[in-house]
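**Q** Here's a structure for you.
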Amino acid sequence: HTHAYARRRGVSTQRYSSVLLSSQICSWIENIIAEKRKEKREKMEPGATVCAVRSRRVLCGDEIRPAVIHIKDGKIQNILPGIEVGPSASAEVLDVGDRLVMPGIVDCHVHVNEPGRTTWEGYWTATRAAAAGGVTTIVDMPLNSIPPTTTLGNFREKMQAATGQCFVDTAFWGGVIPGNQLELRPMIQAGVAGFKCFLIHSGVDEFPHVSDSDLHTALQQLQGTDSVLLFHAEREIQQPLGESGDPCEYSTFLNSRPDIMEMEAIRTVTQLCLQYQVRCHIVHLSSAQPLELIRAARQAGAPLTVETTHHYLSLSAEHIPAGATQFKCCPPIRDTANQEQLWAALTAGDIDMVVSDHSPCTPDLKQLDSGDFTQAWGGISSLQFGLPLFWTSACKRGFSLADTVRLLCQRTAQLCRLDNQKGSLHPGHDADLVIWDPEKEFEVTEGNIHHKNKLTPYLGRTLKGEVYCTIVRGRLVYKQGLFSQQPLGRHLLLSHGRTQASL
C-alpha cells in the first residue's frame with residue numbers, strides 16, 4: 001500500500017515511509033505531551049497554587065462562555081475568551097472541561113460558635129463544610145460563642161480562636177446588647193463588618209435583646225461610620241389566652257411565632273432606619289407579610305436591605321413531620337403559599353440576598369427523643385448545601401445562574417463591604433472560585449456532610465448541583481471530597497472603608 005501510494009506521489013518508497021513515520025512520531029509525541037499535561041491538571045491536589053483555570057463554561061457577567069481565568073498573587077489577573085493557554089503555565093492550569101466556573105459563595109450569616117460552644121460547631125469543621133459547598137467567604141455571627149463578640153476584648157478572643165483553623169476567608173460581625181454602646185466604635189476600628197442585635201430573646205442569656213432606648217443609643221454611635229446594624233426582626237406580642245397544642249406537632253410551634261411578630265419588629269426597624277439613615281439589614285426574613293412595609297420604607301429613602309434563607313425557600317410547614325425537631329428554627333418555616341411569595345419577592349428585588357443562617361447544635365439539644373418542638377434548640381445546619389439548595393428550587397422558577405451569583409455572592413459581599421474583593425469575577429478581585437456541575441444530582445448523606453454535627457433537615461434529600469472544587473485566593477482548598485492539608489483561609493478585617501487581611 002505504501003509502495004503504490006509513493007509511486008502515485010512520484011517519490012521513492014523509502015522517502016515516503018520516512019516522512020510518514022516522522023509525521024506519526026510527531027503526532028504520537030504531541031498526544032503523549034497533551035495527555036501528560038491533562039494528567040497534571042486533573043491530578044492537581046488540594047493545597048496547590050492555581051495559575052489559571054480553563055473551562056468551556058465560565059460565567060462572565062450574564063454570559064456563559066469558554067474562557068481562561070489567569071491568576072497572579074491570589075488575584076484574578078485577567079479573563080481571556082477561548083480555551084487556549086500558553087505552554088509556560090501548563091503545569092499550574094486547572095482544566096475543568098465543561099464544569100461551570102463562577103465566583104465563590106459569600107455566606108454572610110454563619111454561626112460558628114467557637115470559642116465556648118465548639119461542641120456545637122467550630123472553625124475547622126464549619127469552614128471545611130463551607131469549602132465543600134463552594135463557599136469561599138463566611139461572616140461569623142457574634143452570638144452562640146462564649147464570650148459573644150460584644151466587646152473589643154471579646155472580638156480579639158474570637159479572632160484568636162479562629163486563627164489557624166479556617167479553610168476559607170472569614171469576617172466577623174459584632175453584637176449590640178444593652179450597655180455596650182461605647183464598645184461599638186472600637187470594634188469598628190478593629191475590623192468588624194457590622195453589628196447584629198435581637199429584638200426578642202436570642203436563645204442564649206449572654207446575648208440579651210435590646211430595648212428601643214438601646215437601639216437609639218447604638219444608632220447614634222453608628223452614624224457616620226458606614227457600618228450596618230443587623231436585626232433579628234421578631235418582637236414579643238401578647239398571646240391569645242388558651243392557645244396550646246401538642247408540642248410534638250410543628251403547627252404548635254408555628255402558631256407560637258405568628259407573622260405579626262415579624263411585622264411589628266420590622267415596623268420598628270423601618271422607622272429607625274429612616275430616622276437615623278444608618279444602614280439597617282433584616283436577617284432571615286421568613287414572613288412575606290412585612291414586604292409592603294419594606295417597600296414603603298425603601299421608597300421613602302431608608303438604606304434598608306433584606307435577606308432570606310435557604311430553608312424558608314426550600315422547606316414548608318405542611319411537610320414537616322411530627323417530632324422532626326431538626327426543622328425547628330426562629331423565625332419558623334411557614335407554609336407553601338408564603339414561600340411562593342418569598343420567591344416572588346426575590347424576583348422583584350424586594351429581598352436582596354439568600355444566606356444559610358447555619359446555626360447548629362449538638363443532637364441532644366434538638367430533643368429528638370421527645371420530639372418536643374417547644375423545647376428544642378432552634379437552628380438549621382445548611383452551610384455546605386446552600387448553593388445546590390438554592391439552585392434546585394431556583395432553576396425550576398426561571399432563575400438564571402447570573403441571578404444565583406447576584407443573590408448568593410455579590411449582594412452578600414456588598415452588605416459587609418467586601419465587594420471590592422469578593423463576590424465577582426473581575427480583574428483585581430480575589431481569585432475565589434467555585435467550580436461545579438449545575439446539572440448533576442446527589443443525595444445528602446451523613447457520609448458527605450462536613451460540618452461537625454450531622455443533623456440536618458436535608459438528610460436524604462436529592463439536590464441538583466454538585467461542587468467539584470473550590471479555590472480561595474488562587475489556592476485549591478477543596479476538590480472532590482478532599483481538602484488542603486493546612487487551612488488556607490484568612491481573617492478579613494474592615495476598617496475605614498478598606499478591607500485588610502490577616503493570617
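Chains: A, B, ... in order of the C-alpha cells. Residues: from 1 per chain. Ligands: from 1, in order shown.
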As a PyMOL selection string, which residues of stretch 219-389 of chain A does DSSP assign to alpha helix (DSSP H)?

**A** chain A and resi 219-222+250-256+259-276+291-299+310-314+336-348+386-389

**Q** Write out as number ranges by chain all residues of stretch 56-227 of chain A that backbone DSSP assigns to strand (DSSP E).

**A** A: 56-60, 63-72, 75-81, 93-95, 100-103, 105-110, 135-140, 169-172, 174-175, 195-198

**Q** Kindly export the residues of the current selection with N, CA and C atoms, as a compact mmCIF listing (two decimals), in the first residue's frame.

**A**
```
# COMPACT_ATOMS: atom_id res chain seq x y z
N ARG A 56 -14.98 25.39 29.50
CA ARG A 56 -15.85 25.77 28.39
C ARG A 56 -17.08 26.53 28.90
N ARG A 57 -17.23 26.60 30.24
CA ARG A 57 -18.37 27.32 30.80
C ARG A 57 -17.90 28.20 31.97
N VAL A 58 -17.60 29.44 31.67
CA VAL A 58 -17.24 30.43 32.69
C VAL A 58 -18.32 31.50 32.69
N LEU A 59 -18.86 31.79 33.88
CA LEU A 59 -19.92 32.78 33.99
C LEU A 59 -19.30 34.17 34.06
N CYS A 60 -19.32 34.88 32.95
CA CYS A 60 -18.77 36.23 32.85
C CYS A 60 -19.94 37.21 32.73
N GLU A 63 -23.26 36.16 30.89
CA GLU A 63 -22.97 35.26 29.78
C GLU A 63 -22.09 34.10 30.22
N ILE A 64 -22.40 32.92 29.72
CA ILE A 64 -21.56 31.74 29.96
C ILE A 64 -20.79 31.46 28.67
N ARG A 65 -19.46 31.42 28.76
CA ARG A 65 -18.66 31.21 27.55
C ARG A 65 -17.35 30.51 27.90
N PRO A 66 -16.68 29.92 26.89
CA PRO A 66 -15.35 29.35 27.14
C PRO A 66 -14.37 30.47 27.51
N ALA A 67 -13.56 30.21 28.52
CA ALA A 67 -12.62 31.24 28.95
C ALA A 67 -11.52 30.62 29.80
N VAL A 68 -10.44 31.37 29.92
CA VAL A 68 -9.34 31.03 30.82
C VAL A 68 -9.19 32.17 31.82
N ILE A 69 -9.26 31.85 33.10
CA ILE A 69 -9.05 32.85 34.16
C ILE A 69 -7.61 32.75 34.61
N HIS A 70 -6.83 33.80 34.38
CA HIS A 70 -5.43 33.83 34.80
C HIS A 70 -5.33 34.44 36.19
N ILE A 71 -4.53 33.82 37.03
CA ILE A 71 -4.43 34.19 38.44
C ILE A 71 -2.98 34.53 38.77
N LYS A 72 -2.78 35.62 39.48
CA LYS A 72 -1.44 36.00 39.91
C LYS A 72 -1.52 36.58 41.31
N LYS A 75 -4.90 36.92 43.00
CA LYS A 75 -5.90 37.79 42.39
C LYS A 75 -6.19 37.34 40.96
N ILE A 76 -7.37 37.68 40.49
CA ILE A 76 -7.69 37.46 39.08
C ILE A 76 -6.90 38.47 38.26
N GLN A 77 -6.02 37.98 37.40
CA GLN A 77 -5.21 38.87 36.58
C GLN A 77 -5.98 39.32 35.33
N ASN A 78 -6.56 38.35 34.63
CA ASN A 78 -7.43 38.66 33.51
C ASN A 78 -8.28 37.43 33.19
N ILE A 79 -9.30 37.65 32.38
CA ILE A 79 -10.17 36.58 31.91
C ILE A 79 -10.18 36.66 30.40
N LEU A 80 -9.60 35.65 29.74
CA LEU A 80 -9.44 35.68 28.30
C LEU A 80 -10.44 34.73 27.65
N PRO A 81 -11.10 35.16 26.58
CA PRO A 81 -12.05 34.28 25.88
C PRO A 81 -11.32 33.12 25.22
N VAL A 93 -2.23 24.92 35.36
CA VAL A 93 -3.57 25.17 34.82
C VAL A 93 -4.52 24.09 35.33
N LEU A 94 -5.65 24.52 35.85
CA LEU A 94 -6.69 23.58 36.25
C LEU A 94 -7.72 23.56 35.12
N ASP A 95 -7.75 22.47 34.38
CA ASP A 95 -8.67 22.31 33.27
C ASP A 95 -9.89 21.55 33.77
N LEU A 100 -18.99 24.34 35.36
CA LEU A 100 -19.23 25.78 35.42
C LEU A 100 -18.29 26.43 36.44
N VAL A 101 -17.72 27.57 36.05
CA VAL A 101 -16.86 28.36 36.93
C VAL A 101 -17.57 29.67 37.23
N MET A 102 -17.71 29.99 38.50
CA MET A 102 -18.33 31.26 38.89
C MET A 102 -17.70 31.73 40.20
N PRO A 103 -18.01 32.96 40.67
CA PRO A 103 -17.42 33.43 41.93
C PRO A 103 -17.80 32.53 43.09
N ILE A 105 -19.12 31.49 46.73
CA ILE A 105 -20.25 31.98 47.52
C ILE A 105 -19.74 32.79 48.72
N VAL A 106 -20.41 33.89 49.01
CA VAL A 106 -20.15 34.69 50.21
C VAL A 106 -21.36 34.50 51.13
N ASP A 107 -21.20 33.71 52.18
CA ASP A 107 -22.29 33.44 53.12
C ASP A 107 -22.11 34.35 54.33
N CYS A 108 -22.94 35.39 54.40
CA CYS A 108 -22.75 36.41 55.43
C CYS A 108 -23.58 36.16 56.69
N HIS A 109 -24.08 34.93 56.87
CA HIS A 109 -24.84 34.62 58.08
C HIS A 109 -24.52 33.20 58.53
N VAL A 110 -23.47 33.08 59.35
CA VAL A 110 -23.00 31.77 59.81
C VAL A 110 -22.70 31.84 61.31
N VAL A 135 -18.42 27.70 49.16
CA VAL A 135 -18.40 28.97 49.90
C VAL A 135 -16.95 29.35 50.15
N THR A 136 -16.55 30.52 49.70
CA THR A 136 -15.15 30.95 49.85
C THR A 136 -14.99 32.01 50.93
N THR A 137 -16.09 32.60 51.38
CA THR A 137 -16.05 33.59 52.47
C THR A 137 -17.26 33.39 53.36
N ILE A 138 -17.03 33.36 54.67
CA ILE A 138 -18.14 33.38 55.63
C ILE A 138 -17.99 34.61 56.51
N VAL A 139 -19.12 35.06 57.05
CA VAL A 139 -19.10 36.12 58.07
C VAL A 139 -19.76 35.53 59.31
N ASP A 140 -18.99 35.48 60.39
CA ASP A 140 -19.38 34.76 61.60
C ASP A 140 -20.23 35.66 62.50
N ASP A 169 -11.91 32.20 53.76
CA ASP A 169 -11.74 33.52 54.38
C ASP A 169 -12.93 33.81 55.30
N THR A 170 -12.63 34.50 56.40
CA THR A 170 -13.63 34.69 57.46
C THR A 170 -13.63 36.13 57.94
N ALA A 171 -14.79 36.76 57.90
CA ALA A 171 -15.01 38.07 58.52
C ALA A 171 -15.92 37.88 59.72
N PHE A 172 -16.13 38.94 60.48
CA PHE A 172 -16.81 38.82 61.78
C PHE A 172 -17.81 39.95 61.98
N GLY A 174 -19.96 42.05 64.84
CA GLY A 174 -20.03 42.35 66.26
C GLY A 174 -21.48 42.32 66.71
N GLY A 175 -21.70 42.51 68.01
CA GLY A 175 -23.05 42.46 68.55
C GLY A 175 -23.41 43.71 69.32
N PHE A 195 -22.79 45.02 62.90
CA PHE A 195 -23.30 44.56 64.18
C PHE A 195 -24.67 43.92 64.03
N LYS A 196 -24.96 43.02 64.97
CA LYS A 196 -26.27 42.36 65.00
C LYS A 196 -26.91 42.57 66.36
N CYS A 197 -28.23 42.71 66.36
CA CYS A 197 -28.97 42.79 67.62
C CYS A 197 -30.24 41.96 67.51
N PHE A 198 -30.83 41.68 68.67
CA PHE A 198 -32.09 40.95 68.77
C PHE A 198 -33.15 41.85 69.38
```

**Q** Which neighbours of stretch 455-458 of chain A fall inside 10 Å, counting only C-alpha atoms, when residues of the same chain fewer than 4 positions from it are skipped, and could you give them as number ranges by chain?

**A** A: 311, 314-315, 320, 324-328, 360-363, 366, 379-382, 385, 389, 443-446, 449, 451, 462-463

**Q** Take the residues just selected and output them with N, CA, C and O atoms as a compact mmCIF listing (two decimals), in the first residue's frame.

**A**
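New file selection.txt:
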```txt
# COMPACT_ATOMS: atom_id res chain seq x y z
N HIS A 311 -33.63 27.66 53.94
CA HIS A 311 -34.69 26.82 54.49
C HIS A 311 -36.08 27.42 54.28
O HIS A 311 -37.04 26.68 54.08
N SER A 314 -36.85 26.46 50.70
CA SER A 314 -36.82 25.04 50.33
C SER A 314 -37.77 24.16 51.12
O SER A 314 -38.14 23.08 50.66
N LEU A 315 -38.15 24.61 52.32
CA LEU A 315 -38.96 23.79 53.21
C LEU A 315 -40.29 24.48 53.47
O LEU A 315 -40.37 25.71 53.45
N ILE A 320 -43.58 19.17 57.33
CA ILE A 320 -42.72 18.86 58.47
C ILE A 320 -43.41 17.81 59.34
O ILE A 320 -44.49 18.06 59.88
N ALA A 324 -40.21 16.08 64.25
CA ALA A 324 -39.00 16.28 63.44
C ALA A 324 -38.36 17.61 63.79
O ALA A 324 -38.39 18.58 63.03
N THR A 325 -37.77 17.66 64.97
CA THR A 325 -37.27 18.92 65.51
C THR A 325 -36.05 19.46 64.78
O THR A 325 -35.64 20.60 65.02
N GLN A 326 -35.46 18.65 63.88
CA GLN A 326 -34.36 19.17 63.07
C GLN A 326 -34.83 20.29 62.14
O GLN A 326 -34.02 21.03 61.59
N PHE A 327 -36.15 20.45 61.99
CA PHE A 327 -36.72 21.50 61.16
C PHE A 327 -36.96 22.79 61.93
O PHE A 327 -37.38 23.79 61.34
N LYS A 328 -36.73 22.80 63.23
CA LYS A 328 -37.07 23.99 64.02
C LYS A 328 -36.04 25.08 63.82
O LYS A 328 -34.83 24.86 63.91
N PRO A 360 -25.99 25.42 64.02
CA PRO A 360 -26.03 24.03 64.51
C PRO A 360 -25.99 23.94 66.03
O PRO A 360 -25.75 24.93 66.73
N CYS A 361 -26.22 22.75 66.51
CA CYS A 361 -26.08 22.45 67.94
C CYS A 361 -25.82 20.95 68.06
O CYS A 361 -25.81 20.23 67.06
N THR A 362 -25.61 20.50 69.27
CA THR A 362 -25.44 19.06 69.49
C THR A 362 -26.81 18.37 69.39
O THR A 362 -27.85 18.99 69.67
N PRO A 363 -26.84 17.11 68.97
CA PRO A 363 -28.13 16.43 68.75
C PRO A 363 -29.05 16.43 69.97
O PRO A 363 -30.27 16.50 69.81
N LYS A 366 -31.63 19.15 70.32
CA LYS A 366 -32.76 19.11 69.41
C LYS A 366 -33.92 18.27 69.95
O LYS A 366 -34.97 18.16 69.29
N GLY A 379 -32.51 26.08 65.21
CA GLY A 379 -31.44 26.39 64.27
C GLY A 379 -31.28 25.27 63.26
O GLY A 379 -31.51 24.10 63.59
N ILE A 380 -30.90 25.62 62.04
CA ILE A 380 -30.78 24.64 60.96
C ILE A 380 -29.37 24.67 60.40
O ILE A 380 -28.78 25.73 60.20
N SER A 381 -28.82 23.48 60.16
CA SER A 381 -27.47 23.35 59.60
C SER A 381 -27.56 23.19 58.08
O SER A 381 -28.18 22.25 57.60
N SER A 382 -26.93 24.14 57.36
CA SER A 382 -27.05 24.07 55.90
C SER A 382 -25.88 24.72 55.18
O SER A 382 -25.93 24.89 53.97
N PHE A 385 -24.61 23.22 51.92
CA PHE A 385 -25.54 22.88 50.85
C PHE A 385 -26.33 24.07 50.30
O PHE A 385 -27.29 23.89 49.56
N LEU A 389 -29.03 23.81 47.28
CA LEU A 389 -30.39 24.03 47.76
C LEU A 389 -31.07 25.14 46.96
O LEU A 389 -32.21 25.00 46.52
N GLU A 443 -27.28 12.95 46.56
CA GLU A 443 -28.08 12.79 47.78
C GLU A 443 -27.27 13.25 48.99
O GLU A 443 -26.09 12.93 49.11
N VAL A 444 -27.91 13.98 49.89
CA VAL A 444 -27.27 14.38 51.14
C VAL A 444 -27.27 13.19 52.09
O VAL A 444 -28.33 12.68 52.46
N THR A 445 -26.09 12.73 52.45
CA THR A 445 -25.93 11.61 53.40
C THR A 445 -25.00 12.04 54.51
O THR A 445 -24.25 13.02 54.37
N GLU A 446 -25.01 11.30 55.61
CA GLU A 446 -24.09 11.62 56.71
C GLU A 446 -22.64 11.56 56.24
O GLU A 446 -21.80 12.32 56.70
N ILE A 449 -21.48 14.93 54.65
CA ILE A 449 -21.64 16.16 55.45
C ILE A 449 -20.34 16.44 56.19
O ILE A 449 -19.80 15.57 56.87
N HIS A 451 -19.89 19.49 58.22
CA HIS A 451 -20.00 20.23 59.48
C HIS A 451 -20.05 19.26 60.65
O HIS A 451 -20.27 18.05 60.47
N THR A 462 -32.40 14.72 47.72
CA THR A 462 -31.65 14.79 46.46
C THR A 462 -31.63 16.23 45.98
O THR A 462 -32.68 16.87 45.82
N LEU A 463 -30.41 16.75 45.76
CA LEU A 463 -30.23 18.13 45.34
C LEU A 463 -29.57 18.18 43.96
O LEU A 463 -28.88 17.25 43.55
```

**Q** Output as JSON lines one row per residue of stretch 176-256 of chain A within 9 Å of stretch 408-426 of chain A: the closest atom pair and its distance in Å to one decimal place, counting only C-alpha atoms, sorted by chain and residue number ascending.

**A**
```
{"residue": "A:Ala193", "atom": "CA", "partner": "A:Cys416", "partner_atom": "CA", "distance": 5.3}
{"residue": "A:Gly194", "atom": "CA", "partner": "A:Cys416", "partner_atom": "CA", "distance": 7.0}
{"residue": "A:Ser227", "atom": "CA", "partner": "A:Cys416", "partner_atom": "CA", "distance": 8.3}
{"residue": "A:Val228", "atom": "CA", "partner": "A:Cys416", "partner_atom": "CA", "distance": 7.9}
```

**Q** Include all heavy atoms and write out the residues we just selected as a CSV table (one decimal), in the first residue's frame.

**A**
```
chain,number,residue,atom,x,y,z
A,193,ALA,N,-17.3,43.7,60.6
A,193,ALA,CA,-18.1,44.0,59.4
A,193,ALA,C,-19.3,44.8,59.7
A,193,ALA,O,-19.9,45.5,58.8
A,193,ALA,CB,-18.5,42.8,58.6
A,194,GLY,N,-19.8,44.8,60.9
A,194,GLY,CA,-21.0,45.5,61.3
A,194,GLY,C,-21.5,44.8,62.6
A,194,GLY,O,-20.7,44.1,63.3
A,227,SER,N,-21.0,51.7,58.9
A,227,SER,CA,-21.3,50.3,59.4
A,227,SER,C,-22.8,50.0,59.2
A,227,SER,O,-23.5,50.8,58.6
A,227,SER,CB,-20.9,50.2,60.9
A,227,SER,OG,-20.9,48.9,61.3
A,228,VAL,N,-23.2,48.8,59.6
A,228,VAL,CA,-24.5,48.3,59.3
A,228,VAL,C,-25.0,47.6,60.6
A,228,VAL,O,-24.2,47.0,61.3
A,228,VAL,CB,-24.6,47.4,58.1
A,228,VAL,CG1,-23.7,46.2,58.3
A,228,VAL,CG2,-26.0,47.0,57.8
```

**Q** Rank A:Leu285, A:Gln220, A:Ser256, A:His310 by their smallest atom-to-atom distance to A:Leu272, using only C-alpha atoms, and report the top residue only.

**A**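 Going through A:Leu285, A:Gln220, A:Ser256, A:His310 one by one, the smallest distance to A:Leu272 is for A:Gln220.
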
**Q** Using only C-alpha atoms, which residue out of A:Arg295, A:His281, A:Lys440, A:Lys454 lies closest to A:Trp391?

**A**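 Looking at the shortest contact to A:Trp391, the residue is A:Lys440.
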
**Q** Give me, please, the distance in Å between atom CA of A:Ala337 and atom CA of A:Thr404, quoted to one decimal.

**A** 22.4 Å

**Q** List as a ChimeraX atom specification the protein and nucleic acid residues near stretch 152-167 of chain A, meaning an atom at most 8 Å away when only C-alpha atoms are counted, but skip any in the same chain fewer than 6 places from it.

**A** /A:114-115,123-124,127-128,131,174,183,186-187,190,477,486-491,503

**Q** Take the residues just selected and output them with all heavy atoms as a compact mmCIF listing (two decimals), in the first residue's frame.

**A**
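For reference, part_6.txt as written:
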```
# COMPACT_ATOMS: atom_id res chain seq x y z
N GLU A 114 -17.54 29.02 68.11
CA GLU A 114 -16.25 28.91 68.79
C GLU A 114 -15.73 30.31 69.08
O GLU A 114 -15.81 31.18 68.20
CB GLU A 114 -15.26 28.14 67.92
CG GLU A 114 -13.96 27.81 68.63
CD GLU A 114 -13.03 26.90 67.80
OE1 GLU A 114 -13.37 26.61 66.64
OE2 GLU A 114 -12.00 26.51 68.33
N PRO A 115 -15.16 30.52 70.31
CA PRO A 115 -14.96 29.59 71.42
C PRO A 115 -16.21 29.41 72.27
O PRO A 115 -17.19 30.13 72.09
CB PRO A 115 -13.86 30.29 72.23
CG PRO A 115 -14.14 31.76 72.03
CD PRO A 115 -14.61 31.86 70.60
N TYR A 123 -14.46 26.39 63.97
CA TYR A 123 -13.96 26.95 62.72
C TYR A 123 -13.43 25.87 61.78
O TYR A 123 -13.62 25.95 60.56
CB TYR A 123 -12.88 27.99 63.01
CG TYR A 123 -13.46 29.27 63.54
CD1 TYR A 123 -13.40 29.57 64.90
CD2 TYR A 123 -14.10 30.17 62.69
CE1 TYR A 123 -13.97 30.73 65.39
CE2 TYR A 123 -14.67 31.33 63.18
CZ TYR A 123 -14.60 31.61 64.53
OH TYR A 123 -15.17 32.76 65.02
N TRP A 124 -12.75 24.87 62.33
CA TRP A 124 -12.18 23.82 61.48
C TRP A 124 -13.28 23.11 60.68
O TRP A 124 -13.20 22.98 59.46
CB TRP A 124 -11.40 22.83 62.34
CG TRP A 124 -10.63 21.81 61.56
CD1 TRP A 124 -11.10 20.64 61.05
CD2 TRP A 124 -9.25 21.88 61.18
NE1 TRP A 124 -10.11 19.96 60.38
CE2 TRP A 124 -8.96 20.70 60.46
CE3 TRP A 124 -8.24 22.80 61.39
CZ2 TRP A 124 -7.68 20.43 59.94
CZ3 TRP A 124 -6.97 22.54 60.88
CH2 TRP A 124 -6.71 21.37 60.17
N THR A 127 -15.62 25.71 58.37
CA THR A 127 -15.01 26.24 57.15
C THR A 127 -14.67 25.13 56.16
O THR A 127 -14.62 25.38 54.95
CB THR A 127 -13.78 27.09 57.46
OG1 THR A 127 -12.81 26.31 58.20
CG2 THR A 127 -14.15 28.32 58.27
N ARG A 128 -14.47 23.91 56.63
CA ARG A 128 -14.35 22.79 55.69
C ARG A 128 -15.69 22.54 55.00
O ARG A 128 -15.75 22.30 53.78
CB ARG A 128 -13.87 21.54 56.42
CG ARG A 128 -12.37 21.52 56.69
CD ARG A 128 -12.00 20.47 57.71
NE ARG A 128 -12.20 19.11 57.24
CZ ARG A 128 -11.24 18.34 56.71
NH1 ARG A 128 -10.01 18.82 56.55
NH2 ARG A 128 -11.48 17.09 56.34
N ALA A 131 -16.12 25.18 52.39
CA ALA A 131 -15.32 24.91 51.19
C ALA A 131 -15.95 23.81 50.34
O ALA A 131 -15.98 23.90 49.11
CB ALA A 131 -13.90 24.54 51.59
N GLY A 174 -19.96 42.05 64.84
CA GLY A 174 -20.03 42.35 66.26
C GLY A 174 -21.48 42.32 66.71
O GLY A 174 -22.39 42.14 65.90
N GLU A 183 -18.46 50.30 73.13
CA GLU A 183 -17.58 49.30 72.51
C GLU A 183 -17.72 49.27 70.98
O GLU A 183 -16.89 48.67 70.29
CB GLU A 183 -17.91 47.90 73.04
CG GLU A 183 -17.64 47.70 74.52
CD GLU A 183 -16.16 47.47 74.82
OE1 GLU A 183 -15.36 47.30 73.86
OE2 GLU A 183 -15.80 47.46 76.01
N PRO A 186 -14.81 51.22 68.86
CA PRO A 186 -13.54 50.47 68.91
C PRO A 186 -13.58 49.16 68.12
O PRO A 186 -12.59 48.79 67.49
CB PRO A 186 -13.36 50.21 70.41
CG PRO A 186 -14.05 51.35 71.07
CD PRO A 186 -15.24 51.63 70.20
N MET A 187 -14.72 48.48 68.12
CA MET A 187 -14.83 47.25 67.33
C MET A 187 -14.82 47.56 65.83
O MET A 187 -14.26 46.80 65.03
CB MET A 187 -16.08 46.47 67.72
CG MET A 187 -15.91 45.65 68.99
SD MET A 187 -17.23 44.42 69.20
CE MET A 187 -18.54 45.44 69.86
N ALA A 190 -11.35 48.01 64.90
CA ALA A 190 -10.63 46.73 64.91
C ALA A 190 -10.99 45.85 63.72
O ALA A 190 -10.28 44.87 63.45
CB ALA A 190 -10.91 45.99 66.22
N VAL A 477 -8.54 24.65 47.79
CA VAL A 477 -8.78 24.24 49.17
C VAL A 477 -9.63 22.98 49.26
O VAL A 477 -9.59 22.27 50.27
CB VAL A 477 -9.44 25.37 50.00
CG1 VAL A 477 -8.53 26.56 50.09
CG2 VAL A 477 -10.79 25.76 49.43
N GLN A 486 -3.51 21.95 55.12
CA GLN A 486 -3.50 23.05 56.08
C GLN A 486 -4.59 24.05 55.72
O GLN A 486 -4.89 24.28 54.55
CB GLN A 486 -2.13 23.76 56.06
CG GLN A 486 -0.97 22.86 56.46
CD GLN A 486 -1.09 22.35 57.88
OE1 GLN A 486 -1.56 23.09 58.76
NE2 GLN A 486 -0.69 21.12 58.12
N PRO A 487 -5.20 24.68 56.73
CA PRO A 487 -6.19 25.73 56.45
C PRO A 487 -5.54 26.89 55.71
O PRO A 487 -4.44 27.33 56.09
CB PRO A 487 -6.67 26.16 57.84
CG PRO A 487 -6.29 25.03 58.75
CD PRO A 487 -5.05 24.43 58.18
N LEU A 488 -6.18 27.39 54.68
CA LEU A 488 -5.61 28.44 53.85
C LEU A 488 -6.41 29.75 53.93
O LEU A 488 -6.09 30.71 53.22
CB LEU A 488 -5.55 27.97 52.38
CG LEU A 488 -4.68 26.73 52.13
CD1 LEU A 488 -4.85 26.24 50.70
CD2 LEU A 488 -3.22 27.04 52.42
N GLY A 489 -7.43 29.78 54.77
CA GLY A 489 -8.25 30.99 54.90
C GLY A 489 -7.58 32.06 55.72
O GLY A 489 -6.64 31.81 56.49
N ARG A 490 -8.06 33.29 55.55
CA ARG A 490 -7.56 34.44 56.29
C ARG A 490 -8.71 35.14 56.99
O ARG A 490 -9.88 35.00 56.63
CB ARG A 490 -6.89 35.44 55.33
CG ARG A 490 -5.60 34.93 54.70
CD ARG A 490 -5.02 35.98 53.77
NE ARG A 490 -3.76 35.55 53.18
CZ ARG A 490 -3.10 36.24 52.26
NH1 ARG A 490 -3.60 37.38 51.81
NH2 ARG A 490 -1.96 35.78 51.77
N HIS A 491 -8.36 35.95 58.01
CA HIS A 491 -9.33 36.83 58.62
C HIS A 491 -9.48 38.07 57.75
O HIS A 491 -8.48 38.62 57.27
CB HIS A 491 -8.87 37.26 60.02
CG HIS A 491 -8.75 36.13 60.98
ND1 HIS A 491 -8.17 36.28 62.23
CD2 HIS A 491 -9.11 34.83 60.90
CE1 HIS A 491 -8.19 35.11 62.86
NE2 HIS A 491 -8.76 34.23 62.07
N LEU A 503 -3.45 36.94 58.75
CA LEU A 503 -3.28 35.49 58.68
C LEU A 503 -4.08 34.81 59.76
O LEU A 503 -4.30 35.36 60.82
CB LEU A 503 -1.79 35.14 58.82
CG LEU A 503 -0.90 35.66 57.69
CD1 LEU A 503 0.55 35.31 57.96
CD2 LEU A 503 -1.31 35.09 56.35
```

**Q** Skipping near chain neighbours, those fewer than 3 positions away, what residues fall within 12 Å of stretch 340-344 of chain A using only C-alpha atoms, listed as an MDAnalysis selection string?

**A** chainID A and resid 284:292 306:316 333:337 347:354 390 393:399 407

**Q** What does the distance between atom CA of A:Gly301 and atom CA of A:Thr217 come to in Å, to one decimal place?

**A**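 Taking atom CA of A:Gly301 and atom CA of A:Thr217, their separation equals 21.5 Å.
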
**Q** Provide the atom CA of A:Ala300 to atom CA of A:Ile260 distance in Å, to one decimal place.

**A** 22.5 Å

**Q** Given only C-alpha atoms as the basis, pick out the residue of A:Thr270, A:Asn338, A:Ser202, A:Gln480 nearest to A:Pro142.

**A**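 Answer, going by the shortest atom-to-atom distance: A:Ser202.
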
**Q** In terms of the shortest atom-to-atom distance over only C-alpha atoms, which of A:Ser145, A:Ser55, A:Asn448, A:Gln299 is closest to A:Ser359?

**A** A:Ser145

**Q** Return the single residue from A:Pro247, A:Pro331, A:Pro208, A:Gly386 that is closest to A:Ala265, with distances computed using only C-alpha atoms.

**A** A:Pro331

**Q** When you count only C-alpha atoms, which of these residues is closest to A:Arg185: A:Asp226, A:Asp205, A:Glu466, A:Asp212?

**A**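 The answer is A:Asp226, which sits nearest to A:Arg185.
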